[in-house]
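Trainee: Next up, entry_0.pdb (PDB, C-alpha atoms, pLDDT in the B column).
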```
ATOM      1  CA  MET U   1      16.781 -26.329 -45.241  1.00 47.00           C
ATOM      2  CA  ARG U   2      17.401 -27.857 -41.838  1.00 50.00           C
ATOM      3  CA  ARG U   3      16.449 -24.610 -40.126  1.00 55.00           C
ATOM      4  CA  LYS U   4      12.816 -24.727 -41.291  1.00 66.00           C
ATOM      5  CA  PRO U   5      11.869 -27.857 -39.297  1.00 63.00           C
ATOM      6  CA  LYS U   6      13.444 -26.315 -36.177  1.00 67.00           C
ATOM      7  CA  LEU U   7      11.607 -23.052 -36.839  1.00 63.00           C
ATOM      8  CA  TRP U   8       8.288 -24.896 -37.248  1.00 64.00           C
ATOM      9  CA  ALA U   9       8.926 -26.912 -34.076  1.00 61.00           C
ATOM     10  CA  ALA U  10       9.691 -23.723 -32.136  1.00 59.00           C
ATOM     11  CA  LEU U  11       6.595 -22.045 -33.548  1.00 57.00           C
ATOM     12  CA  LEU U  12       4.437 -25.063 -32.675  1.00 57.00           C
ATOM     13  CA  ALA U  13       5.875 -25.122 -29.148  1.00 56.00           C
ATOM     14  CA  ALA U  14       5.095 -21.407 -28.729  1.00 55.00           C
ATOM     15  CA  VAL U  15       1.494 -21.962 -29.868  1.00 53.00           C
ATOM     16  CA  VAL U  16       1.081 -24.877 -27.453  1.00 47.00           C
ATOM     17  CA  VAL U  17       2.445 -22.818 -24.532  1.00 47.00           C
ATOM     18  CA  ALA U  18       0.134 -19.918 -25.424  1.00 48.00           C
ATOM     19  CA  ALA U  19      -2.858 -22.277 -25.663  1.00 44.00           C
ATOM     20  CA  ILE U  20      -2.105 -23.816 -22.266  1.00 45.00           C
ATOM     21  CA  ALA U  21      -1.765 -20.371 -20.672  1.00 44.00           C
ATOM     22  CA  TYR U  22      -5.085 -19.310 -22.211  1.00 43.00           C
ATOM     23  CA  LEU U  23      -6.873 -22.450 -20.997  1.00 40.00           C
ATOM     24  CA  LYS U  24      -5.469 -22.038 -17.481  1.00 37.00           C
ATOM     25  CA  ARG U  25      -6.758 -18.467 -17.425  1.00 37.00           C
ATOM     26  CA  GLU U  26     -10.174 -19.628 -18.613  1.00 36.00           C
ATOM     27  CA  ALA U  27     -10.330 -22.356 -15.950  1.00 34.00           C
ATOM     28  CA  GLY U  28      -9.490 -19.908 -13.141  1.00 37.00           C
ATOM     29  CA  PRO U  29     -11.889 -18.596 -10.521  1.00 41.00           C
ATOM     30  CA  PRO U  30     -15.544 -18.102 -11.479  1.00 45.00           C
ATOM     31  CA  ASP U  31     -16.458 -15.002 -13.441  1.00 50.00           C
ATOM     32  CA  ARG U  32     -17.309 -12.370 -10.865  1.00 53.00           C
ATOM     33  CA  GLY U  33     -19.708 -10.499 -13.101  1.00 66.00           C
ATOM     34  CA  SER U  34     -22.048 -13.222 -14.255  1.00 81.00           C
ATOM     35  CA  LEU U  35     -24.458 -15.508 -12.439  1.00 85.00           C
ATOM     36  CA  SER U  36     -23.902 -19.237 -12.146  1.00 85.00           C
ATOM     37  CA  ALA U  37     -26.366 -21.817 -13.383  1.00 87.00           C
ATOM     38  CA  THR U  38     -29.236 -22.229 -10.936  1.00 91.00           C
ATOM     39  CA  ARG U  39     -28.894 -24.697  -8.104  1.00 95.00           C
ATOM     40  CA  ARG U  40     -31.266 -25.835  -5.384  1.00 97.00           C
ATOM     41  CA  CYS U  41     -30.835 -24.552  -1.842  1.00 98.00           C
ATOM     42  CA  VAL U  42     -31.446 -27.762   0.097  1.00 98.00           C
ATOM     43  CA  ARG U  43     -30.872 -26.389   3.592  1.00 96.00           C
ATOM     44  CA  VAL U  44     -30.315 -23.168   5.474  1.00 96.00           C
ATOM     45  CA  ILE U  45     -27.581 -23.810   8.022  1.00 94.00           C
ATOM     46  CA  ASP U  46     -28.007 -20.446   9.710  1.00 93.00           C
ATOM     47  CA  GLY U  47     -29.001 -16.932   8.725  1.00 93.00           C
ATOM     48  CA  ASP U  48     -25.974 -16.326   6.505  1.00 95.00           C
ATOM     49  CA  THR U  49     -24.967 -19.829   5.357  1.00 96.00           C
ATOM     50  CA  LEU U  50     -26.730 -22.113   2.887  1.00 97.00           C
ATOM     51  CA  GLU U  51     -26.216 -25.647   1.664  1.00 97.00           C
ATOM     52  CA  LEU U  52     -26.811 -26.322  -2.024  1.00 97.00           C
ATOM     53  CA  ASP U  53     -27.493 -29.556  -3.851  1.00 96.00           C
ATOM     54  CA  GLY U  54     -24.303 -31.595  -3.960  1.00 93.00           C
ATOM     55  CA  GLY U  55     -23.368 -30.534  -0.416  1.00 95.00           C
ATOM     56  CA  GLU U  56     -21.730 -27.205  -1.307  1.00 96.00           C
ATOM     57  CA  ARG U  57     -21.873 -24.719   1.570  1.00 97.00           C
ATOM     58  CA  VAL U  58     -22.247 -21.068   0.671  1.00 98.00           C
ATOM     59  CA  ARG U  59     -21.443 -18.170   2.996  1.00 97.00           C
ATOM     60  CA  LEU U  60     -23.318 -15.035   1.952  1.00 97.00           C
ATOM     61  CA  ILE U  61     -20.912 -12.184   1.172  1.00 97.00           C
ATOM     62  CA  GLY U  62     -21.342  -8.930   3.069  1.00 97.00           C
ATOM     63  CA  VAL U  63     -24.008 -10.019   5.531  1.00 97.00           C
ATOM     64  CA  ASP U  64     -23.691 -11.208   9.120  1.00 93.00           C
ATOM     65  CA  THR U  65     -26.568 -12.622  11.102  1.00 93.00           C
ATOM     66  CA  PRO U  66     -26.643 -13.528  14.797  1.00 83.00           C
ATOM     67  CA  GLU U  67     -25.218 -16.998  15.488  1.00 81.00           C
ATOM     68  CA  SER U  68     -27.693 -19.814  15.992  1.00 66.00           C
ATOM     69  CA  VAL U  69     -25.731 -23.052  15.450  1.00 67.00           C
ATOM     70  CA  ASP U  70     -22.133 -22.544  16.651  1.00 69.00           C
ATOM     71  CA  PRO U  71     -21.639 -25.290  19.276  1.00 69.00           C
ATOM     72  CA  ARG U  72     -18.960 -23.211  21.037  1.00 75.00           C
ATOM     73  CA  ARG U  73     -21.255 -20.262  21.672  1.00 73.00           C
ATOM     74  CA  PRO U  74     -24.787 -19.694  22.947  1.00 69.00           C
ATOM     75  CA  VAL U  75     -27.488 -18.748  20.476  1.00 57.00           C
ATOM     76  CA  GLU U  76     -27.271 -14.994  20.005  1.00 67.00           C
ATOM     77  CA  TYR U  77     -30.192 -12.580  20.303  1.00 69.00           C
ATOM     78  CA  PHE U  78     -32.372 -12.847  17.170  1.00 70.00           C
ATOM     79  CA  GLY U  79     -30.316 -15.796  15.842  1.00 73.00           C
ATOM     80  CA  LYS U  80     -33.266 -18.186  15.547  1.00 90.00           C
ATOM     81  CA  GLU U  81     -35.406 -15.503  13.887  1.00 92.00           C
ATOM     82  CA  ALA U  82     -32.648 -14.694  11.367  1.00 93.00           C
ATOM     83  CA  SER U  83     -32.232 -18.386  10.498  1.00 93.00           C
ATOM     84  CA  ALA U  84     -35.988 -18.794  10.130  1.00 94.00           C
ATOM     85  CA  PHE U  85     -36.168 -15.751   7.821  1.00 96.00           C
ATOM     86  CA  THR U  86     -33.416 -17.058   5.543  1.00 97.00           C
ATOM     87  CA  ARG U  87     -35.062 -20.501   5.582  1.00 96.00           C
ATOM     88  CA  ARG U  88     -38.406 -19.015   4.456  1.00 97.00           C
ATOM     89  CA  LEU U  89     -36.621 -16.959   1.810  1.00 97.00           C
ATOM     90  CA  ALA U  90     -34.281 -19.534   0.230  1.00 97.00           C
ATOM     91  CA  GLU U  91     -34.739 -23.122   1.379  1.00 96.00           C
ATOM     92  CA  ASP U  92     -35.944 -25.538  -1.308  1.00 97.00           C
ATOM     93  CA  ARG U  93     -35.721 -22.791  -3.934  1.00 97.00           C
ATOM     94  CA  MET U  94     -33.546 -22.416  -7.003  1.00 97.00           C
ATOM     95  CA  VAL U  95     -30.713 -19.912  -6.595  1.00 97.00           C
ATOM     96  CA  ALA U  96     -27.922 -18.475  -8.724  1.00 96.00           C
ATOM     97  CA  LEU U  97     -24.561 -17.374  -7.365  1.00 97.00           C
ATOM     98  CA  GLN U  98     -22.393 -14.382  -8.176  1.00 96.00           C
ATOM     99  CA  TYR U  99     -18.807 -14.133  -6.947  1.00 95.00           C
ATOM    100  CA  ASP U 100     -16.533 -11.345  -5.759  1.00 93.00           C
ATOM    101  CA  GLU U 101     -12.741 -11.188  -5.345  1.00 89.00           C
ATOM    102  CA  ASP U 102     -12.471 -14.128  -2.938  1.00 91.00           C
ATOM    103  CA  THR U 103     -14.429 -17.264  -3.744  1.00 93.00           C
ATOM    104  CA  ARG U 104     -13.656 -19.317  -0.596  1.00 95.00           C
ATOM    105  CA  ASP U 105     -13.440 -18.525   3.103  1.00 94.00           C
ATOM    106  CA  ARG U 106     -11.042 -20.045   5.605  1.00 93.00           C
ATOM    107  CA  TYR U 107     -13.528 -22.862   6.299  1.00 92.00           C
ATOM    108  CA  GLY U 108     -13.689 -23.881   2.625  1.00 94.00           C
ATOM    109  CA  ARG U 109     -17.183 -22.479   2.074  1.00 96.00           C
ATOM    110  CA  THR U 110     -18.019 -20.796  -1.207  1.00 96.00           C
ATOM    111  CA  LEU U 111     -18.373 -17.023  -0.821  1.00 97.00           C
ATOM    112  CA  ALA U 112     -21.153 -15.648  -2.991  1.00 97.00           C
ATOM    113  CA  TYR U 113     -23.978 -13.257  -3.594  1.00 97.00           C
ATOM    114  CA  VAL U 114     -27.164 -15.308  -3.925  1.00 97.00           C
ATOM    115  CA  TYR U 115     -30.168 -14.530  -6.118  1.00 97.00           C
ATOM    116  CA  LEU U 116     -33.534 -16.264  -6.254  1.00 97.00           C
ATOM    117  CA  GLU U 117     -35.100 -17.027  -9.630  1.00 95.00           C
ATOM    118  CA  ASP U 118     -37.476 -14.069  -9.208  1.00 95.00           C
ATOM    119  CA  GLY U 119     -34.430 -11.767  -8.914  1.00 94.00           C
ATOM    120  CA  THR U 120     -34.520 -11.320  -5.135  1.00 96.00           C
ATOM    121  CA  PHE U 121     -31.002 -10.537  -3.903  1.00 97.00           C
ATOM    122  CA  VAL U 122     -30.886 -12.738  -0.778  1.00 97.00           C
ATOM    123  CA  ASN U 123     -27.860 -11.054   0.840  1.00 98.00           C
ATOM    124  CA  ALA U 124     -29.448  -7.610   0.548  1.00 97.00           C
ATOM    125  CA  GLU U 125     -32.932  -8.773   1.564  1.00 97.00           C
ATOM    126  CA  ILE U 126     -31.654 -10.148   4.879  1.00 97.00           C
ATOM    127  CA  ILE U 127     -30.168  -6.748   5.717  1.00 97.00           C
ATOM    128  CA  ARG U 128     -33.144  -4.785   4.323  1.00 97.00           C
ATOM    129  CA  GLN U 129     -35.552  -6.690   6.581  1.00 96.00           C
ATOM    130  CA  GLY U 130     -33.314  -6.271   9.651  1.00 96.00           C
ATOM    131  CA  TYR U 131     -32.297  -9.922  10.123  1.00 95.00           C
ATOM    132  CA  GLY U 132     -28.595  -9.158   9.780  1.00 96.00           C
ATOM    133  CA  HIS U 133     -26.161  -6.336   9.301  1.00 94.00           C
ATOM    134  CA  ALA U 134     -23.550  -5.389   6.726  1.00 97.00           C
ATOM    135  CA  TYR U 135     -20.362  -7.359   7.374  1.00 96.00           C
ATOM    136  CA  THR U 136     -17.600  -4.878   6.586  1.00 94.00           C
ATOM    137  CA  ARG U 137     -14.517  -6.630   7.925  1.00 92.00           C
ATOM    138  CA  PHE U 138     -13.481  -7.296   4.313  1.00 91.00           C
ATOM    139  CA  PRO U 139     -14.290  -4.995   1.384  1.00 93.00           C
ATOM    140  CA  PHE U 140     -16.904  -6.197  -1.098  1.00 95.00           C
ATOM    141  CA  ARG U 141     -18.683  -4.931  -4.195  1.00 94.00           C
ATOM    142  CA  TYR U 142     -22.005  -3.917  -2.590  1.00 97.00           C
ATOM    143  CA  GLN U 143     -20.624  -2.534   0.674  1.00 97.00           C
ATOM    144  CA  GLU U 144     -22.098   0.971   0.358  1.00 97.00           C
ATOM    145  CA  GLU U 145     -25.502  -0.384  -0.668  1.00 97.00           C
ATOM    146  CA  PHE U 146     -25.568  -2.853   2.231  1.00 98.00           C
ATOM    147  CA  LEU U 147     -24.584  -0.143   4.721  1.00 98.00           C
ATOM    148  CA  ALA U 148     -27.431   2.040   3.399  1.00 98.00           C
ATOM    149  CA  LEU U 149     -29.883  -0.881   3.761  1.00 98.00           C
ATOM    150  CA  GLU U 150     -28.712  -1.431   7.333  1.00 97.00           C
ATOM    151  CA  ARG U 151     -29.159   2.278   8.182  1.00 98.00           C
ATOM    152  CA  GLN U 152     -32.663   2.184   6.740  1.00 97.00           C
ATOM    153  CA  ALA U 153     -33.593  -0.978   8.702  1.00 97.00           C
ATOM    154  CA  ARG U 154     -32.280   0.636  11.898  1.00 96.00           C
ATOM    155  CA  GLU U 155     -34.171   3.882  11.284  1.00 97.00           C
ATOM    156  CA  GLU U 156     -37.398   2.002  10.554  1.00 97.00           C
ATOM    157  CA  GLY U 157     -36.957  -0.379  13.510  1.00 96.00           C
ATOM    158  CA  ARG U 158     -37.045  -3.610  11.513  1.00 95.00           C
ATOM    159  CA  GLY U 159     -35.947  -7.021  12.816  1.00 93.00           C
ATOM    160  CA  LEU U 160     -32.913  -6.731  15.074  1.00 91.00           C
ATOM    161  CA  TRP U 161     -33.516  -3.010  15.384  1.00 90.00           C
ATOM    162  CA  ALA U 162     -37.136  -3.263  16.597  1.00 90.00           C
ATOM    163  CA  ARG U 163     -37.827  -1.479  19.841  1.00 78.00           C
TER     164      ARG U 163
END
```
As structure tokens, how would this structure be written, given the file I've shared?

Mentor:
Amino acid sequence: MRRKPKLWAALLAAVVVAAIAYLKREAGPPDRGSLSATRRCVRVIDGDTLELDGGERVRLIGVDTPESVDPRRPVEYFGKEASAFTRRLAEDRMVALQYDEDTRDRYGRTLAYVYLEDGTFVNAEIIRQGYGHAYTRFPFRYQEEFLALERQAREEGRGLWAR
């Protein structure tokens, strides 16, 4: 009879360990497939970086715009225009985030795809309109689509690619 309490204790311990492992898995990085709850974009820092309510900084995945605020470097060609475009597109609007493999960059910014409430895909729209190009240094989910958008913007002479 003494074995049953030990068996139950071992079984209970196994269930607790399994539950903890499950909860840790559930509390891991954000789900890459779904969109986050909407948040307000309170400020556009530059063409490819936003600040959300609560002070969170978001670097747009897969898009690179000319620099306009780096104190170590001069403002790059079309940097002010790219920042202004992103500002018109996203500032003071509600946005939802979608994540990829990496969720943070080396500066601690959140890496995300950003969508407006009307469904506009901000990352793609910047490239489509010629205010930035596909940033392919690291692989990402929409790489082929962004490269196609960049080719189209170049061929049609939009934004950076205007004659």

Trainee: Evaluate the PyMOL selection byres ((chain U and resi 98) around 6) and record the selected residues as number ranges by chain, following the chain and residue labels used in the document.

Mentor: U: 35, 97, 99, 112-113

Trainee: Would you work out the distance separating CA of Ala84 in chain U from CA of Gln129 in chain U, expressed in Å to one decimal?

Mentor: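 If I compute the distance from CA of Ala84 in chain U to CA of Gln129 in chain U, I get 12.6 Å.
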
Trainee: Nearest to Leu149 in chain U among U:Val63, U:Thr120, U:Arg109, U:Asp48, with distances taken over only C-alpha atoms: which residue is it?

Mentor: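 Among U:Val63, U:Thr120, U:Arg109, U:Asp48, it is U:Val63 that comes nearest to Leu149 in chain U.
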
Trainee: What does the distance from CA of Glu51 in chain U to CA of Thr86 in chain U come to in Å, to one decimal?

Mentor: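 Between CA of Glu51 in chain U and CA of Thr86 in chain U the gap works out to 11.9 Å.
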
Trainee: Please, what distance in Å, to one decimal, runs between CA of Gly108 in chain U and CA of Arg57 in chain U?

Mentor: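 CA of Arg57 in chain U lies 8.3 Å from CA of Gly108 in chain U.
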